[in-house]
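**Student:** Structure file protein.cif, mmCIF, C-alpha atoms, is pasted below:
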data_structure
loop_
_atom_site.label_atom_id
_atom_site.label_comp_id
_atom_site.auth_asym_id
_atom_site.auth_seq_id
_atom_site.Cartn_x
_atom_site.Cartn_y
_atom_site.Cartn_z
CA MET A 153 -6.69 7.08 -40.50
CA ALA A 154 -7.96 4.07 -38.53
CA ARG A 155 -4.37 2.99 -37.89
CA ALA A 156 -3.50 6.45 -36.53
CA ARG A 157 -6.49 6.32 -34.16
CA LEU A 158 -5.45 2.84 -33.01
CA LEU A 159 -1.90 4.02 -32.32
CA LEU A 160 -3.22 7.04 -30.44
CA HIS A 161 -5.50 4.75 -28.44
CA TYR A 162 -2.62 2.49 -27.40
CA SER A 163 -0.24 5.37 -26.75
CA CYS A 164 -2.70 6.80 -24.23
CA PHE A 165 -2.62 3.53 -22.30
CA ILE A 166 1.16 3.64 -22.28
CA THR A 167 1.80 7.32 -21.57
CA ILE A 168 -0.88 7.88 -18.94
CA PRO A 169 0.43 5.15 -16.59
CA TYR A 170 4.00 6.26 -17.31
CA ASP A 171 3.16 9.87 -16.45
CA LEU A 172 1.35 8.76 -13.29
CA LEU A 173 4.31 6.61 -12.23
CA ARG A 174 6.72 9.44 -12.97
CA LEU A 175 4.58 11.80 -10.89
CA LEU A 176 4.36 9.33 -8.00
CA LEU A 177 8.03 8.35 -8.00
CA CYS A 178 9.81 11.58 -8.95
CA HIS A 179 7.73 14.35 -7.40
CA GLN A 180 9.11 15.80 -4.14
CA ARG A 181 6.12 17.70 -2.73
CA SER A 182 5.21 16.79 0.84
CA ASP A 183 1.51 16.18 0.07
CA MET A 184 2.49 13.78 -2.72
CA ASN A 185 4.69 11.94 -0.25
CA TRP A 186 1.69 11.44 2.02
CA ILE A 187 -0.01 9.71 -0.91
CA LEU A 188 3.10 7.58 -1.44
CA LEU A 189 3.03 6.71 2.25
CA ILE A 190 -0.61 5.62 2.07
CA VAL A 191 0.12 3.46 -0.98
CA ALA A 192 3.15 1.99 0.84
CA GLY A 193 0.88 1.10 3.77
CA VAL A 194 -1.57 -0.60 1.42
CA PHE A 195 1.32 -2.63 -0.03
CA GLU A 196 2.28 -3.57 3.53
CA ALA A 197 -1.17 -5.02 4.09
CA CYS A 198 -0.87 -6.80 0.74
CA PHE A 199 2.40 -8.46 1.69
CA ALA A 200 0.88 -9.65 4.97
CA PHE A 201 -2.09 -11.01 3.00
CA CYS A 202 0.28 -12.88 0.67
CA LEU A 203 1.99 -14.43 3.69
CA GLY A 204 -1.37 -15.61 5.01
CA LYS A 205 -2.32 -17.13 1.66
CA ALA A 206 1.10 -18.80 1.31
CA LYS A 207 0.59 -20.39 4.74
CA GLU A 208 -2.74 -21.86 3.59
CA THR A 209 -1.43 -23.36 0.35
CA THR A 210 1.28 -25.74 -0.81
CA GLY A 211 3.46 -26.31 -3.85
CA THR A 212 3.41 -23.95 -6.79
CA GLU A 213 0.52 -21.92 -5.41
CA ALA A 214 2.45 -21.21 -2.21
CA SER A 215 5.48 -20.21 -4.29
CA LEU A 216 3.36 -17.76 -6.28
CA TRP A 217 1.99 -16.23 -3.08
CA MET A 218 5.56 -15.89 -1.79
CA ALA A 219 6.55 -14.18 -5.06
CA GLY A 220 3.65 -11.79 -4.48
CA PHE A 221 4.95 -11.26 -0.95
CA PHE A 222 8.43 -10.26 -2.17
CA ILE A 223 7.04 -7.98 -4.89
CA THR A 224 4.67 -6.14 -2.55
CA LEU A 225 7.32 -6.03 0.18
CA SER A 226 9.76 -4.38 -2.23
CA ALA A 227 7.15 -1.90 -3.46
CA SER A 228 6.17 -1.04 0.11
CA MET A 229 9.75 -0.46 1.23
CA TYR A 230 10.62 1.65 -1.81
CA LEU A 231 7.56 3.85 -1.42
CA LEU A 232 8.25 4.23 2.31
CA TYR A 233 11.78 5.34 1.43
CA ARG A 234 10.45 7.87 -1.10
CA ALA A 235 7.95 9.25 1.42
CA THR A 236 10.62 9.74 4.08
CA LEU A 237 12.60 12.05 1.80
CA THR A 238 10.38 14.92 2.96
CA LEU A 239 8.34 13.50 5.87
CA PRO A 240 9.71 12.98 9.39
CA ILE A 241 10.88 9.36 9.73
CA GLY A 242 9.10 8.75 13.05
CA THR A 243 5.76 9.97 11.76
CA ALA A 244 6.12 8.24 8.40
CA TYR A 245 7.04 4.91 9.97
CA ALA A 246 4.20 5.08 12.50
CA VAL A 247 1.66 5.94 9.80
CA TRP A 248 3.04 3.23 7.47
CA THR A 249 2.80 0.52 10.11
CA GLY A 250 -0.61 1.76 11.23
CA ILE A 251 -2.05 1.66 7.71
CA GLY A 252 -0.55 -1.79 7.23
CA ALA A 253 -1.95 -3.00 10.55
CA VAL A 254 -5.45 -1.67 9.83
CA GLY A 255 -5.39 -3.15 6.33
CA THR A 256 -4.12 -6.48 7.59
CA VAL A 257 -6.83 -6.73 10.26
CA ILE A 258 -9.53 -5.88 7.70
CA LEU A 259 -8.13 -8.43 5.23
CA GLY A 260 -7.97 -10.99 8.02
CA ILE A 261 -11.61 -10.43 8.91
CA VAL A 262 -12.77 -10.58 5.29
CA PHE A 263 -10.58 -13.35 3.85
CA PHE A 264 -9.29 -15.39 6.78
CA LYS A 265 -12.48 -15.40 8.87
CA GLU A 266 -10.80 -13.75 11.87
CA SER A 267 -13.06 -12.45 14.62
CA ALA A 268 -14.74 -9.06 14.31
CA ASP A 269 -15.93 -8.59 17.87
CA PHE A 270 -16.68 -5.21 19.41
CA TRP A 271 -13.35 -4.66 21.18
CA ARG A 272 -11.29 -5.58 18.14
CA LEU A 273 -13.21 -3.10 15.98
CA PHE A 274 -13.09 -0.50 18.75
CA PHE A 275 -9.31 -0.62 18.97
CA LEU A 276 -9.06 -0.70 15.18
CA ALA A 277 -11.05 2.56 15.12
CA THR A 278 -8.72 4.11 17.73
CA LEU A 279 -5.74 3.10 15.58
CA ILE A 280 -7.31 4.80 12.55
CA GLY A 281 -7.90 7.92 14.67
CA SER A 282 -4.27 7.87 15.80
CA ILE A 283 -3.02 7.60 12.20
CA ALA A 284 -5.18 10.55 11.17
CA GLY A 285 -4.00 12.53 14.20
CA LEU A 286 -0.33 11.97 13.32
CA LYS A 287 -1.00 13.21 9.79
CA PHE A 288 -2.72 16.37 11.02
CA VAL A 289 -0.05 17.34 13.57
CA SER A 290 2.93 16.66 11.28
CA HIS A 291 4.53 19.41 9.24
#
Could I get this structure in the form of structure tokens?
**Tutor:**
Amino acid sequence: MARARLLLHYSCFITIPYDLLRLLLCHQRSDMNWILLIVAGVFEACFAFCLGKAKETTGTEASLWMAGFFITLSASMYLLYRATLTLPIGTAYAVWTGIGAVGTVILGIVFFKESADFWRLFFLATLIGSIAGLKFVSH
């Protein structure tokens, strides 16, 4: 009985992520593709972050950051492709780059000690408003 519970416990950890991945990668609904697009934008910020960390390091550590760059770059591009199956390419690309830009600026402020002055944050807020506006006016 204990072995059956243990197998059930481990199978939940395997099937739940598999089902979530299958839902994210195979589903064709437009609202799901907006979620894919948001995740793709987050991966875009992640690959920019990996580039920044690779620039700061040397040797094996820099190579690992570059590996992270290529992995997140590939994930971002694939998810962008999946999102554009039902979303207009112009809107999807603008939203993807906007999310990546916002994420990269925030990561730069937090991890790379970039400036967070009023005008930078002001224009970051206008970019966020523009991304939201594109989502609301797109079909």
**Student:** Which residues match the PyMOL selection byres ((chain A and resi 186) around 10) in the file above, as an MDAnalysis selection string?
**Tutor:** chainID A and resid 181:185 187:192 232 234:236 238:239 244 247:248 287
**Student:** With a distance cut-off of 12 Å and only C-alpha atoms, select the neighbouring residues of segment 210-223 of chain A, excluding the residue or stretch itself and same-chain residues fewer than 3 positions from it, and output the selection as an MDAnalysis selection string.
**Tutor:** chainID A and resid 195:207 226:230
**Student:** For a test of reading the model, state the distance in Å between atom CA of Tyr245 of chain A and atom CA of Thr278 of chain A, rounded to one decimal.
**Tutor:**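 Interatomic distance here is 17.6 Å.
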**Student:** Run the PyMOL selection byres ((chain A and resi 280-285) around 8) on the file and write out the hits as a ChimeraX atom specification.
**Tutor:** /A:246-247,250-251,254,276-279,286-289
**Student:** Keeping C-alpha atoms for every residue in the selection just given, could you write it to a file as a compact mmCIF listing (two decimals), keeping the file's coordinate frame?
**Tutor:**
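This is the output file again-v8.txt:
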# COMPACT_ATOMS: atom_id res chain seq x y z
CA ALA A 246 4.20 5.08 12.50
CA VAL A 247 1.66 5.94 9.80
CA GLY A 250 -0.61 1.76 11.23
CA ILE A 251 -2.05 1.66 7.71
CA VAL A 254 -5.45 -1.67 9.83
CA LEU A 276 -9.06 -0.70 15.18
CA ALA A 277 -11.05 2.56 15.12
CA THR A 278 -8.72 4.11 17.73
CA LEU A 279 -5.74 3.10 15.58
CA LEU A 286 -0.33 11.97 13.32
CA LYS A 287 -1.00 13.21 9.79
CA PHE A 288 -2.72 16.37 11.02
CA VAL A 289 -0.05 17.34 13.57
**Student:** Using only C-alpha atoms, find the one residue out of A:Ile241, A:Leu225, A:Thr209, A:Thr249 that sits nearest to Gly193 of chain A.
**Tutor:**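 Residue with the minimum atom-to-atom distance to Gly193 of chain A: A:Thr249.
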**Student:** For atom CA of Thr243 of chain A and atom CA of Thr224 of chain A, quote the distance in Å rounded to one decimal.
**Tutor:**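 Atom CA of Thr243 of chain A sits 21.6 Å away from atom CA of Thr224 of chain A.
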**Student:** To one decimal in Å, tell me the separation between atom CA of Val194 of chain A and atom CA of Phe270 of chain A.
**Tutor:**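 Here the two named atoms are 23.9 Å from each other.
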**Student:** Taking every listed atom of segment 235-243 of chain A and adding 3 Å to each side, what centre and edge lengths in Å (one decimal) does the axis-aligned box have, as lines of an AutoDock Vina configuration file?
**Tutor:**
center_x = 9.2
center_y = 11.8
center_z = 7.2
size_x = 12.8
size_y = 12.2
size_z = 17.6
**Student:** Could you pull the residues within 10 Å of Ile258 of chain A, counting only C-alpha atoms, minus those fewer than 4 positions along the same chain, as a list in words?
**Tutor:**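 Listing them by chain and then by number gives Ala197, Gly252, Ala253, Val254, Val262, Phe263, Phe264, Glu266, Ala268, Leu273 and Leu276 of chain A.
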